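Taking it in order: structure first as structure tokens, then the write-up.
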Amino acid sequence: MTPEDFKYISTLIKGQSGLTLTEDKAYLLESRLLPVARKQGMESLEQLIAKLKASNDRALITDVTEAMTTNESFFFRDQKPFDLFRDILLPEMMEKRAAQKSVKIWCAAASSGQEPYTISILLKEAAAKLAGWNCSILGTDISHQILAKAKAGVYSQFEVQRGMPITMLVKYFDKMDDQWQIKQEVKNAVTYKYFNLLDSLKPLGRFDIVFCRNVLIYFDPDTKAKVLSEIADILAPDGMVILGGAETVLGISDRFAPVPGQRGVYKRT
């Protein structure tokens, strides 16, 4: 791939998704976009890039963008954020929202649904305490294909083995041949929607708790600051944001401050 082609495709992908590609990631373009090229009947990445340059094929641009977005996810990923949610954040929010009996949660970059469904399972586990409450979870992602998988809620044996405790697997999934279907009672709390984090977040509404984990690491500092500022605008004044273990607001945004003793959890300033 020529330097000119790399610059073109990396600029296109950043403009569409915010994903920043450095030259040492050129191999990702080869491995992820060659299947897109072959789907179009092309034999090389150069032909794909030439078609992108020569046309404004929105479907092709979408295919290229979705191919480059990372969709790594598994149940109870990193565990600690979910322990904090169950033991601290949810009880605190229940106390604060005792009058409204309503909690709204947003999972940004929800991928194939493991994070929203993990949260929904934790809410089901607390069902006795949450009787009469309206707890809703919105999962958004930039990939139509991965959202279809999330909505279906069907996972392979390998996928459920990555983090899902066996007791919860038996309790909240139905076995379907060599796959596992998440139960409707868990799916009911979750709504999925296509959404690009580069767009204005205001149409999504207001949230009490936001999970935005392992997505900001793919953005440059300016894009990170923009997304965090937008999150602050739609977060309840007493709401909380949970970021990934390798992510921080420090030196990027003054709209949030770390919550002492709760690693990865931030509140509005």
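We label chains A, B, ... in the order they appear in the structure tokens, count residues from 1 in each chain, and number ligands from 1 in the order shown.
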Sort by chain and increasing residue number a table of all residues of stretch 78-97 of chain A within 9 Å of stretch 234-242 of chain A, each with its closest pair of atoms and their distance in Å to one decimal, counting only C-alpha atoms, and write it as a tab-separated table.
residue	atom	partner	partner_atom	distance
A:Pro81	CA	A:Ile242	CA	7.2
A:Leu89	CA	A:Met240	CA	7.9
A:Met93	CA	A:Gly239	CA	8.2
A:Lys96	CA	A:Asp238	CA	8.6
Could you tell me, as a PyMOL selection string, which residues of stretch 85-183 of chain A DSSP assigns to helix (DSSP H, G or I) when given the backbone? chain A and resi 85-96+114-125+144-152+157-161+166-172
Output file for the residues above (N, CA and C atoms, as a tab-separated table (two decimals), in the first residue's frame):
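The resulting file, out11.tsv, is reproduced below:
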chain	number	residue	atom	x	y	z
A	85	PHE	N	-20.55	-1.62	39.97
A	85	PHE	CA	-21.94	-1.32	39.60
A	85	PHE	C	-22.90	-1.99	40.58
A	86	ARG	N	-22.69	-3.28	40.84
A	86	ARG	CA	-23.60	-4.05	41.70
A	86	ARG	C	-23.54	-3.59	43.16
A	87	ASP	N	-22.33	-3.35	43.65
A	87	ASP	CA	-22.15	-3.12	45.09
A	87	ASP	C	-22.22	-1.66	45.51
A	88	ILE	N	-21.91	-0.75	44.57
A	88	ILE	CA	-21.83	0.66	44.97
A	88	ILE	C	-22.72	1.56	44.11
A	89	LEU	N	-22.52	1.54	42.80
A	89	LEU	CA	-23.24	2.49	41.95
A	89	LEU	C	-24.74	2.26	41.94
A	90	LEU	N	-25.18	1.02	41.78
A	90	LEU	CA	-26.61	0.76	41.75
A	90	LEU	C	-27.28	1.07	43.09
A	91	PRO	N	-26.73	0.63	44.24
A	91	PRO	CA	-27.34	1.00	45.52
A	91	PRO	C	-27.40	2.52	45.72
A	92	GLU	N	-26.34	3.23	45.32
A	92	GLU	CA	-26.35	4.69	45.44
A	92	GLU	C	-27.43	5.31	44.57
A	93	MET	N	-27.56	4.81	43.36
A	93	MET	CA	-28.56	5.35	42.44
A	93	MET	C	-29.97	5.03	42.92
A	94	MET	N	-30.15	3.86	43.53
A	94	MET	CA	-31.47	3.51	44.06
A	94	MET	C	-31.86	4.46	45.19
A	95	GLU	N	-30.88	4.87	45.97
A	95	GLU	CA	-31.15	5.82	47.06
A	95	GLU	C	-31.49	7.19	46.49
A	96	LYS	N	-30.74	7.61	45.46
A	96	LYS	CA	-30.96	8.93	44.87
A	96	LYS	C	-32.27	8.99	44.09
A	114	GLN	N	-22.61	-8.27	24.97
A	114	GLN	CA	-22.25	-8.90	26.24
A	114	GLN	C	-22.30	-7.93	27.42
A	115	GLU	N	-21.86	-6.69	27.21
A	115	GLU	CA	-21.88	-5.72	28.32
A	115	GLU	C	-23.31	-5.36	28.73
A	116	PRO	N	-24.19	-4.94	27.81
A	116	PRO	CA	-25.57	-4.64	28.23
A	116	PRO	C	-26.26	-5.83	28.89
A	117	TYR	N	-26.05	-7.03	28.35
A	117	TYR	CA	-26.70	-8.20	28.94
A	117	TYR	C	-26.11	-8.56	30.31
A	118	THR	N	-24.83	-8.30	30.51
A	118	THR	CA	-24.24	-8.50	31.84
A	118	THR	C	-24.91	-7.59	32.85
A	119	ILE	N	-25.11	-6.34	32.47
A	119	ILE	CA	-25.77	-5.38	33.36
A	119	ILE	C	-27.21	-5.80	33.62
A	120	SER	N	-27.89	-6.25	32.56
A	120	SER	CA	-29.27	-6.69	32.73
A	120	SER	C	-29.35	-7.88	33.67
A	121	ILE	N	-28.41	-8.80	33.58
A	121	ILE	CA	-28.37	-9.95	34.49
A	121	ILE	C	-28.18	-9.49	35.93
A	122	LEU	N	-27.31	-8.52	36.13
A	122	LEU	CA	-27.10	-8.00	37.49
A	122	LEU	C	-28.37	-7.34	38.02
A	123	LEU	N	-29.11	-6.68	37.14
A	123	LEU	CA	-30.38	-6.09	37.56
A	123	LEU	C	-31.40	-7.19	37.91
A	124	LYS	N	-31.39	-8.27	37.15
A	124	LYS	CA	-32.28	-9.40	37.46
A	124	LYS	C	-31.91	-10.02	38.81
A	125	GLU	N	-30.62	-10.09	39.10
A	125	GLU	CA	-30.16	-10.64	40.37
A	125	GLU	C	-30.63	-9.78	41.54
A	144	HIS	N	-23.84	-2.09	12.06
A	144	HIS	CA	-25.16	-2.71	11.91
A	144	HIS	C	-25.07	-4.22	12.10
A	145	GLN	N	-24.01	-4.81	11.57
A	145	GLN	CA	-23.85	-6.26	11.63
A	145	GLN	C	-23.71	-6.73	13.07
A	146	ILE	N	-22.91	-6.05	13.86
A	146	ILE	CA	-22.68	-6.48	15.24
A	146	ILE	C	-23.91	-6.21	16.10
A	147	LEU	N	-24.68	-5.16	15.75
A	147	LEU	CA	-25.93	-4.89	16.48
A	147	LEU	C	-26.97	-5.99	16.22
A	148	ALA	N	-26.96	-6.53	15.02
A	148	ALA	CA	-27.89	-7.62	14.71
A	148	ALA	C	-27.58	-8.83	15.59
A	149	LYS	N	-26.31	-9.09	15.81
A	149	LYS	CA	-25.91	-10.20	16.68
A	149	LYS	C	-26.33	-9.91	18.12
A	150	ALA	N	-26.14	-8.66	18.56
A	150	ALA	CA	-26.53	-8.29	19.92
A	150	ALA	C	-28.03	-8.48	20.13
A	151	LYS	N	-28.83	-8.03	19.17
A	151	LYS	CA	-30.28	-8.16	19.28
A	151	LYS	C	-30.71	-9.62	19.32
A	152	ALA	N	-30.03	-10.46	18.56
A	152	ALA	CA	-30.38	-11.89	18.54
A	152	ALA	C	-30.09	-12.54	19.89
A	157	GLN	N	-20.51	-21.52	22.51
A	157	GLN	CA	-19.98	-22.05	23.76
A	157	GLN	C	-18.75	-21.26	24.19
A	158	PHE	N	-17.88	-20.95	23.23
A	158	PHE	CA	-16.67	-20.16	23.53
A	158	PHE	C	-17.03	-18.80	24.09
A	159	GLU	N	-18.03	-18.14	23.50
A	159	GLU	CA	-18.39	-16.79	23.93
A	159	GLU	C	-18.97	-16.77	25.35
A	160	VAL	N	-19.78	-17.76	25.69
A	160	VAL	CA	-20.35	-17.75	27.04
A	160	VAL	C	-19.34	-18.21	28.08
A	161	GLN	N	-18.35	-18.97	27.66
A	161	GLN	CA	-17.32	-19.41	28.60
A	161	GLN	C	-16.39	-18.27	28.99
A	166	ILE	N	-21.04	-20.17	35.53
A	166	ILE	CA	-21.87	-21.30	35.11
A	166	ILE	C	-23.27	-21.23	35.71
A	167	THR	N	-23.38	-20.75	36.96
A	167	THR	CA	-24.70	-20.65	37.59
A	167	THR	C	-25.59	-19.66	36.85
A	168	MET	N	-25.00	-18.55	36.40
A	168	MET	CA	-25.78	-17.54	35.66
A	168	MET	C	-26.06	-18.00	34.25
A	169	LEU	N	-25.14	-18.76	33.67
A	169	LEU	CA	-25.37	-19.31	32.33
A	169	LEU	C	-26.60	-20.20	32.32
A	170	VAL	N	-26.69	-21.09	33.28
A	170	VAL	CA	-27.83	-22.01	33.37
A	170	VAL	C	-29.12	-21.25	33.69
A	171	LYS	N	-29.01	-20.20	34.48
A	171	LYS	CA	-30.19	-19.46	34.95
A	171	LYS	C	-30.75	-18.52	33.89
A	172	TYR	N	-29.87	-17.93	33.07
A	172	TYR	CA	-30.31	-16.86	32.19
A	172	TYR	C	-30.16	-17.16	30.69
Point out the residue among A:Tyr27, A:Tyr194, A:Tyr266, A:Phe173 with the least atom-to-atom distance to A:Ile142, counting only C-alpha atoms.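 Once distances to A:Ile142 are computed over only C-alpha atoms, the minimum belongs to A:Tyr194.
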Please extract the residues of stretch 101-234 of chain A with a backbone DSSP assignment of strand (DSSP E or B) and present them as number ranges by chain. A: 102-107, 134-141, 154-156, 173-176, 179-182, 190-194, 207-212
Got a sec: who's within 10 Å of stretch 153-156 of chain A, counting only C-alpha atoms, leaving out chain neighbours fewer than 5 positions off, as a ChimeraX atom specification? /A:112-114,117,147-148,161,173-184,186-187
Nearest to A:Arg32: which of A:Met68, A:Ala246, A:Leu130, A:Ile13 is it, counting only C-alpha atoms?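 Looking at the shortest contact to A:Arg32, the residue is A:Met68.
Taking atom CA of A:Ala110 as the reference point, atom CA of A:Phe195 is found at 10.2 Å.
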Between A:Ile137, A:Val190, A:Ala26, A:Ile209, single out the one closest to A:Ile9, counting only C-alpha atoms.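 Checking each candidate against A:Ile9, we get A:Ala26 as the closest.
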Report, in Å to a single decimal, how far apart atom CA of A:Asn196 and atom CA of A:Glu247 are. 19.4 Å
Work out how far atom CA of A:Lys53 is from atom CA of A:Leu34, in Å to one decimal. 16.5 Å
Residues of stretch 36-112 of chain A within 12 Å of stretch 218-230 of chain A: nearest atom pair and distance (Å, one decimal) for each, counting only C-alpha atoms, sorted by chain and number, as CSV?
residue,atom,partner,partner_atom,distance
A:Met68,CA,A:Tyr218,CA,11.1
A:Thr69,CA,A:Tyr218,CA,9.3
A:Thr70,CA,A:Tyr218,CA,9.2
A:Ala108,CA,A:Val227,CA,10.7
A:Ala109,CA,A:Tyr218,CA,11.6
How about saving the chosen residues, N, CA and C atoms kept, as an mmCIF file, in the first residue's frame?
data_model
loop_
_atom_site.group_PDB
_atom_site.id
_atom_site.type_symbol
_atom_site.label_atom_id
_atom_site.label_comp_id
_atom_site.auth_asym_id
_atom_site.auth_seq_id
_atom_site.Cartn_x
_atom_site.Cartn_y
_atom_site.Cartn_z
ATOM 1 N N MET A 68 -13.347 -2.099 10.024
ATOM 2 C CA MET A 68 -12.202 -1.606 10.783
ATOM 3 C C MET A 68 -12.492 -1.395 12.262
ATOM 4 N N THR A 69 -13.755 -1.361 12.651
ATOM 5 C CA THR A 69 -14.067 -1.155 14.064
ATOM 6 C C THR A 69 -13.846 -2.444 14.839
ATOM 7 N N THR A 70 -13.311 -2.315 16.032
ATOM 8 C CA THR A 70 -13.006 -3.473 16.870
ATOM 9 C C THR A 70 -14.256 -3.911 17.619
ATOM 10 N N ALA A 108 -22.171 2.639 25.590
ATOM 11 C CA ALA A 108 -21.647 3.122 24.316
ATOM 12 C C ALA A 108 -20.727 2.061 23.721
ATOM 13 N N ALA A 109 -20.735 1.933 22.393
ATOM 14 C CA ALA A 109 -19.930 0.912 21.712
ATOM 15 C C ALA A 109 -20.211 -0.456 22.330
#
Tell me which protein, DNA and RNA residues are within 7 Å of A:Cys107, counting only C-alpha atoms, leaving out same-chain ones fewer than 3 positions away, and put them as number ranges by chain. A: 110, 116, 138-140, 210-212
Might you pull out every residue within 10 Å of A:Ser44, with only C-alpha atoms counted and same-chain residues fewer than 4 positions away left off, and present them as number ranges by chain? A: 1, 30, 33-38, 48-49
Taking only C-alpha atoms into account, name the residue in A:Leu45, A:Ala67, A:Ala127, A:Ala59 that is nearest to A:Ser143.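 Looking at the shortest contact to A:Ser143, the residue is A:Ala67.
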Could you list, as a PyMOL selection string, every residue within 9 Å of A:Thr11, counting only C-alpha atoms and ignoring same-chain residues fewer than 5 positions away? chain A and resi 6+16+20-21
Convert the current residue selection to file output with C-alpha atoms, as an mmCIF file, in the first residue's frame.
data_model
loop_
_atom_site.group_PDB
_atom_site.id
_atom_site.type_symbol
_atom_site.label_atom_id
_atom_site.label_comp_id
_atom_site.auth_asym_id
_atom_site.auth_seq_id
_atom_site.Cartn_x
_atom_site.Cartn_y
_atom_site.Cartn_z
ATOM 1 C CA PHE A 6 -2.780 4.703 3.574
ATOM 2 C CA GLN A 16 -16.497 8.115 9.666
ATOM 3 C CA THR A 20 -7.193 6.784 14.518
ATOM 4 C CA LEU A 21 -4.888 4.498 12.539
#
Minimum-distance residue to A:Arg206, chosen among A:Asn134, A:Val103, A:Ser73, A:Ser55 (using only C-alpha atoms):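 Answer, going by the shortest atom-to-atom distance: A:Val103.
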